[in-house]
Amino acid sequence: AQSVTQLDSHVSVSEGTPVLLRCNYSSSYSPSLFWYVQHPNKGLQLLLKYTSAATLVKGINGFEAEFKKSETSFHLTKPSAHMSDAAEYFCVLNTGFQKLVFGTGTRLLVSP
Amino acid sequence: ETGVTQTPRHLVMGMTNKKSLKCEQHLGHNAMYWYKQSAKKPLELMFVYNFKEQTENNSVPSRFSPECPNSSHLFLHLHTLQPEDSALYLCASSQMTDRAADTQYFGPGTRLTVL
């Protein structure tokens with residue numbers, strides 16, 4: 001079965017400190033993985049995607065994620081949090097048949 | 001207009017009403033999707049359209065009726081809804097070639113409240 005597990009439902013950081021949002025996946029195939037962000041009352045915006053090229057993927061707004069096959073992980077990081085990063089983040093697995101498997105989301109809280 | 005747009009952004013309806021949600025994509029894609037996002041639940045895929053043809057109905061109740069008149073427009077017709085249908089309904093589009101799906105791009109959603 002293909003699945004995605006986001007290990008934290010909430011992450012709280014202070015502005016200017018690093019962000020780590022954790023995601024593990026399970027897939028029988030070579031996966032395509034995405035991180036999306038959703039701000040309140042908005043749709044999902046693509047942050048970055050991994051499709052079997054470089055294992056370190058850079059996205060928008062200073063985010064990046066590293067694909068680690070040995071650990072079946074695809075964690076999202078950012079060196080320095082900004083207040084505008086407060087949102088919900090979704091790790092998503094593309095099964096390749098137009099079906100996306102979504103994690104349950106991690107809410108990032110950023111305090112001044 | 002750019003990307004994927006959805007109207008209305010908010011909708012309140014009674015259980016006996018009939019309403020429609022509209023989605024339009026300006027990305028030249030050939031596949032469109034409806035998702036339901038309920039509180040504390042993962043996003044649920046409802047319908048998939050490829051080249052205007054429905055290819056996926058994820059066991060959605062018949063009170064939800066999709067329509068795709070062309071590759072750029074997607075509608076979701078609603079009738080006799082239940083309060084548990086209250087949710088954020090998201091539309092997405094992607095380019096689909098050779099059975100491989102590319103990145104899905106999402107609209108801002110319609111917040112539906114059923115009284």
# chains A, B, ... in the order shown; residues from 1 in each chain; ligands from 1

$ closest_atom_pairs --of "chain B" --to "chain A" --cutoff "12 Å" --atoms "only C-alpha atoms" --output "tab-separated table"
residue	atom	partner	partner_atom	distance
B:Gly3	CA	A:Gln45	CA	10.8
B:Val4	CA	A:Gly43	CA	9.7
B:Thr5	CA	A:Gly43	CA	9.9
B:Gln6	CA	A:Gly43	CA	9.9
B:Arg9	CA	A:Asn41	CA	9.2
B:His10	CA	A:Asn41	CA	10.0
B:Ala31	CA	A:Gln98	CA	9.0
B:Met32	CA	A:Gln98	CA	9.9
B:Tyr33	CA	A:Gln98	CA	9.2
B:Trp34	CA	A:Lys99	CA	11.6
B:Tyr35	CA	A:Leu100	CA	10.5
B:Lys36	CA	A:Gly43	CA	11.6
B:Gln37	CA	A:Gly43	CA	10.2
B:Ser38	CA	A:Thr104	CA	11.0
B:Ala39	CA	A:Thr104	CA	10.3
B:Lys40	CA	A:Thr104	CA	7.6
B:Lys41	CA	A:Thr104	CA	6.6
B:Pro42	CA	A:Thr104	CA	5.0
B:Leu43	CA	A:Phe102	CA	6.4
B:Glu44	CA	A:Phe102	CA	8.5
B:Leu45	CA	A:Lys99	CA	7.6
B:Met46	CA	A:Lys99	CA	10.4
B:Phe47	CA	A:Lys99	CA	10.3
B:Val48	CA	A:Gln98	CA	8.0
B:Tyr49	CA	A:Gln98	CA	10.0
B:Asn50	CA	A:Gln98	CA	9.8
B:Thr55	CA	A:Gln98	CA	9.9
B:Glu56	CA	A:Gln98	CA	9.3
B:Asn57	CA	A:Lys99	CA	11.6
B:Asn58	CA	A:Lys99	CA	10.5
B:Ala87	CA	A:Asn41	CA	11.4
B:Leu88	CA	A:Asn41	CA	8.7
B:Tyr89	CA	A:Gly43	CA	9.4
B:Leu90	CA	A:Gly43	CA	7.0
B:Cys91	CA	A:Gly43	CA	8.8
B:Ala92	CA	A:Leu44	CA	9.3
B:Ser93	CA	A:Gln98	CA	10.4
B:Ser94	CA	A:Gln98	CA	8.9
B:Gln95	CA	A:Gln98	CA	10.0
B:Met96	CA	A:Gln98	CA	8.1
B:Thr97	CA	A:Gln98	CA	10.6
B:Asp98	CA	A:Phe97	CA	10.3
B:Arg99	CA	A:Phe97	CA	6.6
B:Ala100	CA	A:Gly96	CA	5.5
B:Ala101	CA	A:Gln98	CA	5.3
B:Asp102	CA	A:Gln98	CA	8.2
B:Thr103	CA	A:Lys49	CA	8.3
B:Gln104	CA	A:Leu46	CA	8.4
B:Tyr105	CA	A:Leu46	CA	7.3
B:Phe106	CA	A:Leu44	CA	5.6
B:Gly107	CA	A:Gly43	CA	5.4
B:Pro108	CA	A:Gly43	CA	3.7
B:Gly109	CA	A:Gly43	CA	5.6
B:Thr110	CA	A:Asn41	CA	9.0
B:Arg111	CA	A:Asn41	CA	8.1
B:Leu112	CA	A:Asn41	CA	11.8

$ atom_distance --atom1 "atom CA of Asn61 of chain A" --atom2 "atom CA of His26 of chain B"
23.7 Å

$ select_by_dssp --residues "segment 15-65 of chain A" --states "strand (DSSP E)" --output "list in words"
Val19, Leu20, Leu21, Cys23, Asn24, Tyr25, Ser26, Ser32, Leu33, Phe34, Trp35, Tyr36, Val37, Gln38, Leu44, Gln45, Leu46, Leu47, Leu48, Lys49, Tyr50, Leu56, Val57, Lys58, Glu64 and Ala65 of chain A

$ residues_around --residues "segment 65-77 of chain A" --least-positions-apart "2" --cutoff "6 Å" --atoms "only C-alpha atoms" --output "JSON, numbers by chain"
{"A": [19, 20, 21, 22, 23, 24, 25, 55, 56, 57, 63]}

$ write_last_selection --atoms "all heavy atoms" --output "mmCIF file, in the first residue's frame"
data_model
loop_
_atom_site.group_PDB
_atom_site.id
_atom_site.type_symbol
_atom_site.label_atom_id
_atom_site.label_comp_id
_atom_site.auth_asym_id
_atom_site.auth_seq_id
_atom_site.Cartn_x
_atom_site.Cartn_y
_atom_site.Cartn_z
ATOM 1 N N VAL A 19 13.239 25.455 10.567
ATOM 2 C CA VAL A 19 11.985 24.702 10.489
ATOM 3 C C VAL A 19 12.291 23.291 9.991
ATOM 4 O O VAL A 19 13.069 23.107 9.045
ATOM 5 C CB VAL A 19 11.006 25.369 9.500
ATOM 6 C CG1 VAL A 19 9.746 24.516 9.329
ATOM 7 C CG2 VAL A 19 10.631 26.768 9.975
ATOM 8 N N LEU A 20 11.681 22.307 10.637
ATOM 9 C CA LEU A 20 11.770 20.911 10.188
ATOM 10 C C LEU A 20 10.375 20.309 10.267
ATOM 11 O O LEU A 20 9.802 20.192 11.347
ATOM 12 C CB LEU A 20 12.738 20.104 11.053
ATOM 13 C CG LEU A 20 12.713 18.579 10.810
ATOM 14 C CD1 LEU A 20 13.169 18.243 9.403
ATOM 15 C CD2 LEU A 20 13.584 17.857 11.854
ATOM 16 N N LEU A 21 9.844 19.919 9.126
ATOM 17 C CA LEU A 21 8.553 19.230 9.077
ATOM 18 C C LEU A 21 8.820 17.838 8.519
ATOM 19 O O LEU A 21 9.362 17.700 7.420
ATOM 20 C CB LEU A 21 7.566 19.986 8.188
ATOM 21 C CG LEU A 21 7.325 21.457 8.545
ATOM 22 C CD1 LEU A 21 6.262 22.058 7.624
ATOM 23 C CD2 LEU A 21 6.928 21.627 9.991
ATOM 24 N N ARG A 22 8.397 16.817 9.241
ATOM 25 C CA ARG A 22 8.805 15.455 8.922
ATOM 26 C C ARG A 22 7.728 14.689 8.159
ATOM 27 O O ARG A 22 6.531 14.784 8.472
ATOM 28 C CB ARG A 22 9.156 14.711 10.204
ATOM 29 C CG ARG A 22 10.331 15.341 10.961
ATOM 30 C CD ARG A 22 10.674 14.535 12.205
ATOM 31 N NE ARG A 22 9.596 14.536 13.180
ATOM 32 C CZ ARG A 22 9.524 13.698 14.211
ATOM 33 N NH1 ARG A 22 10.459 12.759 14.363
ATOM 34 N NH2 ARG A 22 8.529 13.781 15.077
ATOM 35 N N CYS A 23 8.194 13.913 7.195
ATOM 36 C CA CYS A 23 7.292 13.117 6.368
ATOM 37 C C CYS A 23 7.967 11.788 6.039
ATOM 38 O O CYS A 23 9.102 11.766 5.569
ATOM 39 C CB CYS A 23 6.961 13.862 5.079
ATOM 40 S SG CYS A 23 6.015 12.890 3.874
ATOM 41 N N ASN A 24 7.280 10.694 6.290
ATOM 42 C CA ASN A 24 7.710 9.371 5.847
ATOM 43 C C ASN A 24 6.714 8.838 4.848
ATOM 44 O O ASN A 24 5.516 9.135 4.924
ATOM 45 C CB ASN A 24 7.827 8.415 7.031
ATOM 46 C CG ASN A 24 9.043 8.705 7.886
ATOM 47 O OD1 ASN A 24 9.912 9.481 7.511
ATOM 48 N ND2 ASN A 24 9.074 8.091 9.060
ATOM 49 N N TYR A 25 7.202 8.048 3.931
ATOM 50 C CA TYR A 25 6.321 7.520 2.908
ATOM 51 C C TYR A 25 6.479 6.010 2.793
ATOM 52 O O TYR A 25 7.481 5.437 3.234
ATOM 53 C CB TYR A 25 6.618 8.174 1.546
ATOM 54 C CG TYR A 25 7.944 7.735 0.974
ATOM 55 C CD1 TYR A 25 8.041 6.628 0.138
ATOM 56 C CD2 TYR A 25 9.117 8.412 1.304
ATOM 57 C CE1 TYR A 25 9.249 6.202 -0.352
ATOM 58 C CE2 TYR A 25 10.332 7.987 0.822
ATOM 59 C CZ TYR A 25 10.400 6.890 -0.014
ATOM 60 O OH TYR A 25 11.610 6.470 -0.488
ATOM 61 N N THR A 55 18.357 14.390 -5.172
ATOM 62 C CA THR A 55 17.691 14.029 -3.920
ATOM 63 C C THR A 55 17.421 15.242 -3.035
ATOM 64 O O THR A 55 16.542 15.195 -2.185
ATOM 65 C CB THR A 55 18.500 13.001 -3.133
ATOM 66 O OG1 THR A 55 19.807 13.526 -2.919
ATOM 67 C CG2 THR A 55 18.595 11.695 -3.893
ATOM 68 N N LEU A 56 18.172 16.306 -3.217
ATOM 69 C CA LEU A 56 17.911 17.540 -2.482
ATOM 70 C C LEU A 56 17.158 18.483 -3.417
ATOM 71 O O LEU A 56 17.663 18.873 -4.456
ATOM 72 C CB LEU A 56 19.214 18.185 -2.015
ATOM 73 C CG LEU A 56 19.058 19.451 -1.167
ATOM 74 C CD1 LEU A 56 18.306 19.143 0.128
ATOM 75 C CD2 LEU A 56 20.421 20.056 -0.853
ATOM 76 N N VAL A 57 15.945 18.795 -3.021
ATOM 77 C CA VAL A 57 15.065 19.577 -3.875
ATOM 78 C C VAL A 57 14.857 20.960 -3.267
ATOM 79 O O VAL A 57 14.515 21.070 -2.090
ATOM 80 C CB VAL A 57 13.690 18.879 -4.023
ATOM 81 C CG1 VAL A 57 12.794 19.671 -4.963
ATOM 82 C CG2 VAL A 57 13.866 17.462 -4.515
ATOM 83 N N PHE A 63 12.375 27.123 1.111
ATOM 84 C CA PHE A 63 12.185 25.747 1.568
ATOM 85 C C PHE A 63 12.976 24.761 0.706
ATOM 86 O O PHE A 63 13.177 24.999 -0.487
ATOM 87 C CB PHE A 63 10.700 25.371 1.543
ATOM 88 C CG PHE A 63 9.898 25.972 2.661
ATOM 89 C CD1 PHE A 63 9.229 27.168 2.480
ATOM 90 C CD2 PHE A 63 9.819 25.334 3.890
ATOM 91 C CE1 PHE A 63 8.489 27.739 3.512
ATOM 92 C CE2 PHE A 63 9.080 25.895 4.925
ATOM 93 C CZ PHE A 63 8.420 27.089 4.737
#

$ residues_around --residues "Val11 of chain A" --least-positions-apart "3" --cutoff "12 Å" --atoms "only C-alpha atoms" --output "PyMOL selection string"
chain A and resi 6-8+14+18-22+81+85-89+105-111

$ write_last_selection --atoms "N, CA and C atoms" --output "compact mmCIF listing (two decimals), in the first residue's frame"
# COMPACT_ATOMS: atom_id res chain seq x y z
N GLN A 6 2.76 12.09 8.14
CA GLN A 6 3.38 13.30 8.66
C GLN A 6 3.44 13.14 10.18
N LEU A 7 4.65 13.20 10.67
CA LEU A 7 4.90 12.75 12.03
C LEU A 7 4.45 13.73 13.10
N ASP A 8 4.23 14.97 12.73
CA ASP A 8 3.82 15.99 13.70
C ASP A 8 2.57 16.69 13.21
N SER A 14 10.16 29.76 16.66
CA SER A 14 10.27 31.21 16.77
C SER A 14 10.78 31.76 15.44
N PRO A 18 15.31 27.58 12.68
CA PRO A 18 15.07 26.60 11.60
C PRO A 18 13.72 25.90 11.72
N VAL A 19 13.24 25.46 10.57
CA VAL A 19 11.98 24.70 10.49
C VAL A 19 12.29 23.29 9.99
N LEU A 20 11.68 22.31 10.64
CA LEU A 20 11.77 20.91 10.19
C LEU A 20 10.37 20.31 10.27
N LEU A 21 9.84 19.92 9.13
CA LEU A 21 8.55 19.23 9.08
C LEU A 21 8.82 17.84 8.52
N ARG A 22 8.40 16.82 9.24
CA ARG A 22 8.80 15.45 8.92
C ARG A 22 7.73 14.69 8.16
N ALA A 81 12.79 30.67 9.89
CA ALA A 81 11.34 30.85 9.74
C ALA A 81 10.96 32.32 9.70
N ASP A 85 5.38 32.23 7.11
CA ASP A 85 5.42 30.78 6.88
C ASP A 85 4.36 30.04 7.68
N ALA A 86 3.71 30.71 8.60
CA ALA A 86 2.67 30.07 9.40
C ALA A 86 1.54 29.61 8.50
N ALA A 87 1.31 28.31 8.47
CA ALA A 87 0.33 27.72 7.54
C ALA A 87 0.27 26.23 7.82
N GLU A 88 -0.53 25.53 7.01
CA GLU A 88 -0.56 24.07 7.09
C GLU A 88 0.20 23.50 5.90
N TYR A 89 1.01 22.50 6.17
CA TYR A 89 1.87 21.91 5.16
C TYR A 89 1.49 20.45 4.95
N GLY A 105 -1.33 16.49 7.29
CA GLY A 105 -0.98 17.90 7.45
C GLY A 105 -0.22 18.19 8.73
N THR A 106 0.65 19.19 8.66
CA THR A 106 1.35 19.72 9.83
C THR A 106 1.11 21.21 9.89
N ARG A 107 0.58 21.65 11.01
CA ARG A 107 0.35 23.08 11.16
C ARG A 107 1.59 23.72 11.75
N LEU A 108 2.16 24.67 11.03
CA LEU A 108 3.36 25.38 11.49
C LEU A 108 2.94 26.69 12.14
N LEU A 109 3.36 26.85 13.39
CA LEU A 109 3.09 28.08 14.13
C LEU A 109 4.41 28.82 14.29
N VAL A 110 4.44 30.10 13.97
CA VAL A 110 5.65 30.89 14.08
C VAL A 110 5.39 32.04 15.03
N SER A 111 6.17 32.10 16.09
CA SER A 111 5.99 33.16 17.08
C SER A 111 7.09 34.21 16.92

$ atom_distance --atom1 "atom CA of Ser84 of chain A" --atom2 "atom CA of Tyr50 of chain A"
24.0 Å

$ atom_distance --atom1 "atom CA of His82 of chain A" --atom2 "atom CA of Leu47 of chain A"
15.2 Å
